[in-house]
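File shown here: start.cif, holding mmCIF, C-alpha atoms.
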```cif
data_start
loop_
_atom_site.label_atom_id
_atom_site.label_comp_id
_atom_site.auth_asym_id
_atom_site.auth_seq_id
_atom_site.Cartn_x
_atom_site.Cartn_y
_atom_site.Cartn_z
CA MET P 1 93.46 183.27 35.62
CA ASN P 2 92.45 182.95 31.95
CA LEU P 3 94.65 180.56 29.99
CA PRO P 4 96.11 182.23 26.87
CA LEU P 5 95.84 179.19 24.60
CA THR P 6 93.36 176.34 24.61
CA HIS P 7 95.80 173.57 23.66
CA THR P 8 95.96 170.96 26.39
CA TYR P 9 99.13 169.81 28.12
CA LYS P 10 97.30 166.84 29.60
CA ASP P 11 99.69 164.29 31.13
CA LYS P 12 102.77 166.29 30.12
CA VAL P 13 105.35 166.48 32.91
CA VAL P 14 106.51 170.07 33.26
CA VAL P 15 109.51 170.86 35.47
CA ILE P 16 109.79 174.54 36.44
CA THR P 17 112.74 175.95 38.37
CA GLY P 18 112.29 179.22 40.25
CA ALA P 19 108.63 178.32 40.77
CA GLY P 20 108.62 179.96 44.20
CA GLY P 21 108.65 183.37 42.49
CA VAL P 22 105.83 185.30 40.90
CA LEU P 23 106.63 184.73 37.22
CA CYS P 24 107.40 181.02 37.33
CA GLY P 25 104.73 180.45 39.95
CA ASP P 26 102.19 181.79 37.47
CA MET P 27 103.65 179.51 34.79
CA ALA P 28 103.28 176.53 37.12
CA ARG P 29 99.64 177.42 37.76
CA ALA P 30 98.95 177.84 34.05
CA TYR P 31 100.47 174.50 33.06
CA ALA P 32 98.64 172.71 35.89
CA LYS P 33 95.34 174.24 34.78
CA ALA P 34 96.11 173.14 31.23
CA GLY P 35 96.31 169.53 32.39
CA ALA P 36 100.05 169.09 32.98
CA LYS P 37 101.70 167.32 35.88
CA VAL P 38 103.86 170.07 37.33
CA ALA P 39 107.08 169.74 39.32
CA ALA P 40 107.70 173.10 41.00
CA LEU P 41 111.33 173.60 42.08
CA ASP P 42 112.73 176.41 44.21
CA ARG P 43 115.17 177.04 47.07
CA ASN P 44 112.18 178.39 49.00
CA GLU P 45 110.54 175.11 50.01
CA ASP P 46 107.64 176.82 51.77
CA ALA P 47 106.73 178.71 48.59
CA VAL P 48 106.63 175.67 46.30
CA LYS P 49 104.86 173.52 48.88
CA ALA P 50 102.21 176.23 49.25
CA LEU P 51 101.91 176.41 45.46
CA ALA P 52 101.50 172.64 45.23
CA ASP P 53 98.86 172.65 47.98
CA GLU P 54 97.00 175.46 46.22
CA MET P 55 96.92 173.56 42.92
CA LYS P 56 95.92 170.26 44.55
CA SER P 57 93.09 171.97 46.39
CA GLU P 58 91.73 173.04 43.01
CA GLY P 59 92.02 169.53 41.58
CA TYR P 60 95.26 169.91 39.62
CA ILE P 61 98.52 167.94 39.74
CA CYS P 62 101.51 169.75 41.19
CA GLU P 63 104.37 168.71 43.47
CA GLY P 64 106.79 171.09 45.19
CA TYR P 65 110.47 170.31 45.67
CA LYS P 66 113.18 172.23 47.48
CA ALA P 67 115.99 172.64 44.96
CA ASN P 68 119.27 174.47 44.58
CA VAL P 69 119.85 174.78 40.83
CA LEU P 70 123.59 175.17 41.47
CA ASP P 71 123.86 171.76 43.15
CA ALA P 72 124.15 168.99 40.55
CA GLU P 73 123.86 166.18 43.09
CA GLU P 74 120.73 167.65 44.64
CA LEU P 75 119.19 168.07 41.19
CA GLU P 76 119.87 164.41 40.40
CA ASN P 77 118.09 163.39 43.61
CA ILE P 78 115.11 165.58 42.74
CA HIS P 79 115.11 164.11 39.24
CA LYS P 80 114.64 160.66 40.75
CA LYS P 81 111.76 161.95 42.89
CA VAL P 82 110.07 163.58 39.90
CA LEU P 83 110.41 160.37 37.91
CA SER P 84 108.80 158.45 40.76
CA ASP P 85 106.07 161.01 41.52
CA LEU P 86 105.14 162.27 38.05
CA GLY P 87 107.21 160.58 35.35
CA PRO P 88 109.91 161.67 32.88
CA CYS P 89 110.20 165.37 32.03
CA ASP P 90 108.52 166.57 28.83
CA ILE P 91 108.98 170.32 29.28
CA LEU P 92 111.70 172.08 31.28
CA ILE P 93 111.30 175.75 32.19
CA ASN P 94 114.61 177.17 33.42
CA GLY P 95 113.16 180.00 35.46
CA ALA P 96 115.64 180.25 38.32
CA GLY P 97 117.86 183.31 38.11
CA GLY P 98 117.95 186.97 38.95
CA ASN P 99 120.21 189.81 39.97
CA ASN P 100 121.86 190.65 43.28
CA PRO P 101 122.30 194.18 44.69
CA ARG P 102 125.92 193.37 45.51
CA ALA P 103 126.66 193.19 41.77
CA THR P 104 124.96 196.52 41.04
CA THR P 105 126.49 200.00 40.87
CA ASP P 106 124.89 202.96 42.63
CA ASN P 107 125.20 205.28 39.63
CA GLU P 108 124.51 204.94 35.94
CA TYR P 109 127.67 206.82 34.99
CA GLN P 110 131.11 206.78 36.58
CA HIS P 111 131.54 210.56 36.33
CA GLU P 112 128.43 211.04 38.51
CA ALA P 113 129.72 208.86 41.35
CA LYS P 114 130.02 210.47 44.74
CA GLU P 115 132.19 209.52 47.65
CA GLY P 116 130.85 206.49 49.50
CA GLN P 117 128.81 205.19 46.58
CA LYS P 118 129.49 201.81 45.00
CA THR P 119 131.08 202.20 41.59
CA PHE P 120 132.17 199.78 38.90
CA PHE P 121 135.57 199.59 40.58
CA ASP P 122 133.98 198.42 43.84
CA LEU P 123 132.27 195.37 42.36
CA SER P 124 133.86 192.18 43.66
CA SER P 125 134.58 189.21 41.43
CA GLU P 126 132.78 186.98 43.94
CA ASP P 127 129.54 188.97 43.69
CA VAL P 128 129.67 189.14 39.90
CA ASP P 129 130.46 185.43 39.76
CA PHE P 130 127.42 184.67 41.94
CA VAL P 131 125.08 186.38 39.47
CA PHE P 132 126.67 184.60 36.50
CA LYS P 133 126.44 181.22 38.22
CA LEU P 134 122.85 181.74 39.34
CA ASN P 135 121.71 182.54 35.82
CA PHE P 136 123.99 180.51 33.55
CA GLN P 137 124.93 177.51 35.68
CA GLY P 138 121.38 177.64 37.07
CA THR P 139 120.18 176.95 33.52
CA LEU P 140 122.92 174.55 32.45
CA LEU P 141 122.71 172.13 35.40
CA PRO P 142 118.91 171.56 35.35
CA THR P 143 119.15 171.08 31.57
CA GLN P 144 121.86 168.45 31.99
CA THR P 145 119.67 166.73 34.56
CA PHE P 146 116.21 166.75 32.99
CA ALA P 147 116.97 166.78 29.25
CA LYS P 148 118.20 163.19 29.59
CA ASP P 149 114.56 162.13 29.77
CA MET P 150 113.83 163.95 26.52
CA VAL P 151 116.80 162.49 24.64
CA LYS P 152 115.71 158.98 25.58
CA ARG P 153 112.21 159.57 24.19
CA GLY P 154 113.25 161.67 21.19
CA ASN P 155 110.96 164.54 22.12
CA GLY P 156 110.83 167.47 24.50
CA ASN P 157 110.93 171.20 25.09
CA ILE P 158 113.32 173.44 26.99
CA LEU P 159 112.42 177.06 27.65
CA ASN P 160 114.97 179.48 29.08
CA ILE P 161 114.40 182.96 30.51
CA SER P 162 116.45 185.69 28.88
CA SER P 163 115.85 189.43 29.29
CA MET P 164 115.79 192.80 27.59
CA ASN P 165 119.28 193.19 29.09
CA ALA P 166 120.49 190.58 26.63
CA TYR P 167 119.69 192.89 23.70
CA ILE P 168 121.04 196.15 25.12
CA PRO P 169 122.70 196.16 28.56
CA LEU P 170 121.01 198.34 31.13
CA THR P 171 122.95 200.74 33.31
CA LYS P 172 123.87 199.73 36.89
CA ILE P 173 123.56 195.95 36.37
CA PRO P 174 126.59 194.72 34.39
CA ALA P 175 126.65 191.19 35.80
CA TYR P 176 122.96 190.51 35.23
CA SER P 177 123.07 191.99 31.71
CA GLY P 178 126.06 189.85 30.78
CA ALA P 179 124.54 186.74 32.32
CA LYS P 180 121.28 187.11 30.40
CA ALA P 181 123.18 187.68 27.16
CA ALA P 182 124.86 184.36 27.90
CA ILE P 183 121.43 182.74 28.32
CA SER P 184 120.34 183.91 24.86
CA ASN P 185 123.55 182.55 23.35
CA PHE P 186 123.24 179.29 25.27
CA THR P 187 119.66 178.88 24.08
CA GLN P 188 120.80 179.01 20.46
CA TRP P 189 123.69 176.66 21.23
CA LEU P 190 121.38 174.12 22.86
CA ALA P 191 118.88 174.38 20.01
CA THR P 192 121.64 173.44 17.59
CA HIS P 193 123.14 170.76 19.82
CA PHE P 194 119.80 169.00 20.35
CA ALA P 195 118.46 169.58 16.83
CA GLY P 196 118.69 165.91 15.86
CA THR P 197 117.13 164.58 19.07
CA GLY P 198 113.59 165.92 18.74
CA ILE P 199 114.16 168.51 21.46
CA ARG P 200 113.30 172.15 20.78
CA VAL P 201 114.99 174.89 22.81
CA ASN P 202 113.72 178.47 22.96
CA ALA P 203 113.64 181.40 25.34
CA ILE P 204 111.46 184.36 26.24
CA ALA P 205 112.91 187.80 26.91
CA PRO P 206 110.50 189.54 29.28
CA GLY P 207 110.29 193.29 29.34
CA PHE P 208 110.00 195.26 32.54
CA LEU P 209 107.78 193.76 35.19
CA VAL P 210 107.25 195.05 38.70
CA SER P 211 108.41 192.49 41.26
CA LYS P 212 109.76 192.30 44.78
CA GLN P 213 113.28 192.28 43.34
CA ASN P 214 112.98 195.60 41.54
CA GLN P 215 110.23 197.40 43.48
CA ALA P 216 112.69 199.78 45.15
CA LEU P 217 114.38 200.58 41.82
CA LEU P 218 111.09 201.44 40.13
CA PHE P 219 109.05 203.15 42.84
CA ASN P 220 109.73 205.54 45.67
CA PRO P 221 108.46 204.73 49.19
CA ASP P 222 105.41 206.93 48.55
CA GLY P 223 104.51 204.90 45.44
CA THR P 224 105.58 207.46 42.84
CA PRO P 225 107.78 206.29 39.95
CA THR P 226 111.53 206.73 40.35
CA ALA P 227 113.61 208.49 37.70
CA ARG P 228 114.68 205.06 36.44
CA SER P 229 111.07 203.94 36.17
CA GLU P 230 110.22 207.03 34.14
CA LYS P 231 113.14 206.31 31.79
CA ILE P 232 111.84 202.78 31.23
CA LEU P 233 108.28 203.88 30.52
CA ASN P 234 109.47 206.68 28.22
CA SER P 235 111.41 204.06 26.25
CA THR P 236 108.45 201.69 26.00
CA PRO P 237 106.07 202.64 23.14
CA THR P 238 103.02 201.35 24.99
CA GLY P 239 104.04 203.34 28.07
CA ARG P 240 103.48 200.57 30.58
CA PHE P 241 105.06 197.65 32.40
CA VAL P 242 104.45 194.03 31.41
CA LYS P 243 102.23 191.88 33.61
CA SER P 244 103.28 188.40 34.69
CA GLU P 245 100.30 186.70 33.06
CA GLU P 246 101.16 188.35 29.73
CA LEU P 247 104.16 186.03 29.44
CA LEU P 248 101.99 182.93 29.37
CA GLY P 249 100.88 183.13 25.74
CA GLY P 250 104.47 183.13 24.52
CA VAL P 251 105.44 180.38 26.97
CA PHE P 252 102.57 178.16 25.89
CA PHE P 253 103.23 178.80 22.20
CA LEU P 254 106.95 177.98 22.35
CA THR P 255 106.41 174.75 24.28
CA ASP P 256 103.50 173.55 22.14
CA ASP P 257 104.69 170.86 19.72
CA GLU P 258 101.76 171.48 17.42
CA ALA P 259 101.83 175.28 17.30
CA ALA P 260 105.62 175.70 17.27
CA SER P 261 106.89 172.46 15.74
CA ALA P 262 109.45 174.28 13.56
CA VAL P 263 110.44 176.90 16.12
CA THR P 264 113.75 176.36 17.89
CA GLY P 265 116.63 178.64 18.84
CA VAL P 266 114.31 181.65 19.14
CA ILE P 267 114.43 184.31 21.86
CA LEU P 268 110.96 185.87 21.95
CA PRO P 269 110.66 189.42 23.34
CA ILE P 270 107.54 189.99 25.44
CA ASP P 271 108.24 193.58 26.29
CA ALA P 272 105.38 195.94 25.40
CA GLY P 273 107.51 197.22 22.51
CA PHE P 274 110.67 198.18 24.44
CA SER P 275 113.09 196.39 22.10
CA ALA P 276 111.51 197.97 19.00
CA TYR P 277 111.88 201.59 20.10
CA SER P 278 114.96 203.59 19.11
CA GLY P 279 114.22 206.54 21.37
CA VAL P 280 113.07 208.86 18.57
#
```
As structure tokens - that is how I would like this structure written.
Amino acid sequence: MNLPLTHTYKDKVVVITGAGGVLCGDMARAYAKAGAKVAALDRNEDAVKALADEMKSEGYICEGYKANVLDAEELENIHKKVLSDLGPCDILINGAGGNNPRATTDNEYQHEAKEGQKTFFDLSSEDVDFVFKLNFQGTLLPTQTFAKDMVKRGNGNILNISSMNAYIPLTKIPAYSGAKAAISNFTQWLATHFAGTGIRVNAIAPGFLVSKQNQALLFNPDGTPTARSEKILNSTPTGRFVKSEELLGGVFFLTDDEAASAVTGVILPIDAGFSAYSGV
């Protein structure tokens, strides 16, 4: 992996939720290789422990912690462990989140729905609520926990993960689109709320990446693009998906106190041009 910026994060304590996944796992690796002391949090303990072992074997500092970002008490206990193991948090990456198939419709348009398919009217409040909690509460609670360290020192960075869905909602995924719009709004709210404390709060809005979560939506079993995948690529000027490592330059920039000292409340699209294209 080539680091996108050469600025060092030596001795910075970086807490990353959702680090058991591809995107935030790559962020954890990048920060560790840039000299940071990384706390990798995820519900999948095996994944973050393996990540920590991988980084340690290469001579970097990384600890893995099993964490449910919807459990405030558990987060407080992990906070104490991070303080003991690595020190107070300098940078918090709120990466935990995602969609759930139960909160997704089968068709883009109601008039195309066929008998037996899940429509808007079949979505349960419980399933929609789960997606909202995972994304919004899953950002709020870790921020309440780890930003205390930053307030005490008068310095720190919080980076949230928004989405292209926050700009224009995508078909089929109303809960996820609404939840990510809330993340963008919350990012601006936090940036204002913490403005006098020395804490900067920003977000990235990734474009379309291929992951385990959306593989079936984007590709058929034989590996050919689905109709939805073709729509996405036709609406992306560069005609391609974004790669996980392409997020790192924006992540490093926004959390760099030298490069982005006056940048707060910003949601940065990293989308291969998707948000700039009108369709004509």
Legend entry - Spatial neighbours of P:Arg29, 10 Å, all atoms listed in the file, chain gap at least 4 places, as a ChimeraX atom specification: /P:1,3,19,24-25,33-34,36,38,40,51-52,54-55,60-62
Expand the PyMOL selection byres ((chain P and resi 272) around 10) into the explicit residue set it covers here, and present it as a CSV table (one decimal) with C-alpha atoms, in the coordinates of the input.
```csv
chain,number,residue,atom,x,y,z
P,206,PRO,CA,110.5,189.5,29.3
P,207,GLY,CA,110.3,193.3,29.3
P,208,PHE,CA,110.0,195.3,32.5
P,233,LEU,CA,108.3,203.9,30.5
P,236,THR,CA,108.4,201.7,26.0
P,237,PRO,CA,106.1,202.6,23.1
P,238,THR,CA,103.0,201.4,25.0
P,239,GLY,CA,104.0,203.3,28.1
P,240,ARG,CA,103.5,200.6,30.6
P,241,PHE,CA,105.1,197.6,32.4
P,242,VAL,CA,104.4,194.0,31.4
P,243,LYS,CA,102.2,191.9,33.6
P,246,GLU,CA,101.2,188.4,29.7
P,269,PRO,CA,110.7,189.4,23.3
P,270,ILE,CA,107.5,190.0,25.4
P,271,ASP,CA,108.2,193.6,26.3
P,273,GLY,CA,107.5,197.2,22.5
P,274,PHE,CA,110.7,198.2,24.4
P,275,SER,CA,113.1,196.4,22.1
P,276,ALA,CA,111.5,198.0,19.0
```
Please identify all polymer residues within 9 Å of P:Ile199, counting all atoms listed in the file, omitting same-chain residues fewer than 3 positions from it, and present them as an mmCIF file with C-alpha atoms, in the frame of the given file.
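Final output, saved to around-v2.cif:
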```cif
data_model
loop_
_atom_site.group_PDB
_atom_site.id
_atom_site.type_symbol
_atom_site.label_atom_id
_atom_site.label_comp_id
_atom_site.auth_asym_id
_atom_site.auth_seq_id
_atom_site.Cartn_x
_atom_site.Cartn_y
_atom_site.Cartn_z
ATOM 1 C CA ALA P 147 116.970 166.780 29.250
ATOM 2 C CA MET P 150 113.830 163.950 26.520
ATOM 3 C CA VAL P 151 116.800 162.490 24.640
ATOM 4 C CA GLY P 154 113.250 161.670 21.190
ATOM 5 C CA ASN P 155 110.960 164.540 22.120
ATOM 6 C CA GLY P 156 110.830 167.470 24.500
ATOM 7 C CA ASN P 157 110.930 171.200 25.090
ATOM 8 C CA ILE P 158 113.320 173.440 26.990
ATOM 9 C CA ALA P 191 118.880 174.380 20.010
ATOM 10 C CA PHE P 194 119.800 169.000 20.350
ATOM 11 C CA ALA P 195 118.460 169.580 16.830
ATOM 12 C CA GLY P 196 118.690 165.910 15.860
ATOM 13 C CA THR P 264 113.750 176.360 17.890
#
```
Inset, instruction - Starting from the shown file, work through the PyMOL selection byres ((chain P and resi 137) around 12) and note down what comes out as JSON, numbers by chain. - result: {"P": [68, 69, 70, 71, 72, 94, 96, 97, 129, 130, 131, 132, 133, 134, 135, 136, 138, 139, 140, 141, 142, 143, 144, 179, 180, 182, 183, 186]}
Could those selected residues go to a file with C-alpha atoms, as a tab-separated table (two decimals), keeping the file's coordinate frame?
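And here's result-v3.tsv as it stands now:
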```
chain	number	residue	atom	x	y	z
P	68	ASN	CA	119.27	174.47	44.58
P	69	VAL	CA	119.85	174.78	40.83
P	70	LEU	CA	123.59	175.17	41.47
P	71	ASP	CA	123.86	171.76	43.15
P	72	ALA	CA	124.15	168.99	40.55
P	94	ASN	CA	114.61	177.17	33.42
P	96	ALA	CA	115.64	180.25	38.32
P	97	GLY	CA	117.86	183.31	38.11
P	129	ASP	CA	130.46	185.43	39.76
P	130	PHE	CA	127.42	184.67	41.94
P	131	VAL	CA	125.08	186.38	39.47
P	132	PHE	CA	126.67	184.60	36.50
P	133	LYS	CA	126.44	181.22	38.22
P	134	LEU	CA	122.85	181.74	39.34
P	135	ASN	CA	121.71	182.54	35.82
P	136	PHE	CA	123.99	180.51	33.55
P	138	GLY	CA	121.38	177.64	37.07
P	139	THR	CA	120.18	176.95	33.52
P	140	LEU	CA	122.92	174.55	32.45
P	141	LEU	CA	122.71	172.13	35.40
P	142	PRO	CA	118.91	171.56	35.35
P	143	THR	CA	119.15	171.08	31.57
P	144	GLN	CA	121.86	168.45	31.99
P	179	ALA	CA	124.54	186.74	32.32
P	180	LYS	CA	121.28	187.11	30.40
P	182	ALA	CA	124.86	184.36	27.90
P	183	ILE	CA	121.43	182.74	28.32
P	186	PHE	CA	123.24	179.29	25.27
```
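You will find atom CA of P:Val263 at 28.3 Å from atom CA of P:Gly20.
For the atom pair formed by atom CA of P:Glu45 and atom CA of P:Ile16, the distance is 13.6 Å, given to one decimal.
Comparing the minimum interatomic distances between P:Thr17 and each of P:Cys89, P:Ala181, P:Ala32, P:Leu41, counting all atoms listed in the file, we find that P:Leu41 sits nearest.
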Could you add N, CA and C atoms to stretch 138-156 of chain P and give me the result as a PDB file, keeping the file's coordinate frame?
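Contents of the output file out_10.pdb:
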```
ATOM      1  N   GLY P 138     122.734 177.982  36.628  1.00  0.00           N
ATOM      2  CA  GLY P 138     121.380 177.640  37.070  1.00  0.00           C
ATOM      3  C   GLY P 138     120.463 177.233  35.942  1.00  0.00           C
ATOM      4  N   THR P 139     120.889 177.444  34.708  1.00  0.00           N
ATOM      5  CA  THR P 139     120.180 176.950  33.520  1.00  0.00           C
ATOM      6  C   THR P 139     120.853 175.690  32.989  1.00  0.00           C
ATOM      7  N   LEU P 140     122.174 175.690  32.977  1.00  0.00           N
ATOM      8  CA  LEU P 140     122.920 174.550  32.450  1.00  0.00           C
ATOM      9  C   LEU P 140     122.678 173.278  33.257  1.00  0.00           C
ATOM     10  N   LEU P 141     122.788 173.348  34.583  1.00  0.00           N
ATOM     11  CA  LEU P 141     122.710 172.130  35.400  1.00  0.00           C
ATOM     12  C   LEU P 141     121.327 171.469  35.356  1.00  0.00           C
ATOM     13  N   PRO P 142     120.218 172.220  35.496  1.00  0.00           N
ATOM     14  CA  PRO P 142     118.910 171.560  35.350  1.00  0.00           C
ATOM     15  C   PRO P 142     118.711 170.969  33.951  1.00  0.00           C
ATOM     16  N   THR P 143     119.269 171.619  32.929  1.00  0.00           N
ATOM     17  CA  THR P 143     119.150 171.080  31.570  1.00  0.00           C
ATOM     18  C   THR P 143     119.900 169.764  31.452  1.00  0.00           C
ATOM     19  N   GLN P 144     121.104 169.709  32.008  1.00  0.00           N
ATOM     20  CA  GLN P 144     121.860 168.450  31.990  1.00  0.00           C
ATOM     21  C   GLN P 144     121.095 167.348  32.711  1.00  0.00           C
ATOM     22  N   THR P 145     120.377 167.714  33.750  1.00  0.00           N
ATOM     23  CA  THR P 145     119.670 166.730  34.560  1.00  0.00           C
ATOM     24  C   THR P 145     118.394 166.221  33.883  1.00  0.00           C
ATOM     25  N   PHE P 146     117.540 167.144  33.445  1.00  0.00           N
ATOM     26  CA  PHE P 146     116.210 166.750  32.990  1.00  0.00           C
ATOM     27  C   PHE P 146     116.106 166.493  31.483  1.00  0.00           C
ATOM     28  N   ALA P 147     117.040 167.023  30.700  1.00  0.00           N
ATOM     29  CA  ALA P 147     116.970 166.780  29.250  1.00  0.00           C
ATOM     30  C   ALA P 147     117.315 165.338  28.899  1.00  0.00           C
ATOM     31  N   LYS P 148     117.910 164.609  29.830  1.00  0.00           N
ATOM     32  CA  LYS P 148     118.200 163.190  29.590  1.00  0.00           C
ATOM     33  C   LYS P 148     116.912 162.427  29.297  1.00  0.00           C
ATOM     34  N   ASP P 149     115.844 162.781  30.008  1.00  0.00           N
ATOM     35  CA  ASP P 149     114.560 162.130  29.770  1.00  0.00           C
ATOM     36  C   ASP P 149     114.095 162.358  28.331  1.00  0.00           C
ATOM     37  N   MET P 150     114.296 163.582  27.860  1.00  0.00           N
ATOM     38  CA  MET P 150     113.830 163.950  26.520  1.00  0.00           C
ATOM     39  C   MET P 150     114.641 163.238  25.442  1.00  0.00           C
ATOM     40  N   VAL P 151     115.951 163.158  25.621  1.00  0.00           N
ATOM     41  CA  VAL P 151     116.800 162.490  24.640  1.00  0.00           C
ATOM     42  C   VAL P 151     116.396 161.029  24.497  1.00  0.00           C
ATOM     43  N   LYS P 152     116.095 160.386  25.610  1.00  0.00           N
ATOM     44  CA  LYS P 152     115.710 158.980  25.580  1.00  0.00           C
ATOM     45  C   LYS P 152     114.427 158.770  24.770  1.00  0.00           C
ATOM     46  N   ARG P 153     113.494 159.713  24.873  1.00  0.00           N
ATOM     47  CA  ARG P 153     112.210 159.570  24.190  1.00  0.00           C
ATOM     48  C   ARG P 153     112.204 160.172  22.792  1.00  0.00           C
ATOM     49  N   GLY P 154     113.204 161.013  22.495  1.00  0.00           N
ATOM     50  CA  GLY P 154     113.250 161.670  21.190  1.00  0.00           C
ATOM     51  C   GLY P 154     112.257 162.784  21.042  1.00  0.00           C
ATOM     52  N   ASN P 155     111.937 163.445  22.167  1.00  0.00           N
ATOM     53  CA  ASN P 155     110.960 164.540  22.120  1.00  0.00           C
ATOM     54  C   ASN P 155     111.065 165.351  23.412  1.00  0.00           C
ATOM     55  N   GLY P 156     110.844 166.654  23.301  1.00  0.00           N
ATOM     56  CA  GLY P 156     110.830 167.470  24.500  1.00  0.00           C
ATOM     57  C   GLY P 156     111.026 168.941  24.193  1.00  0.00           C
TER      58      GLY P 156
END
```
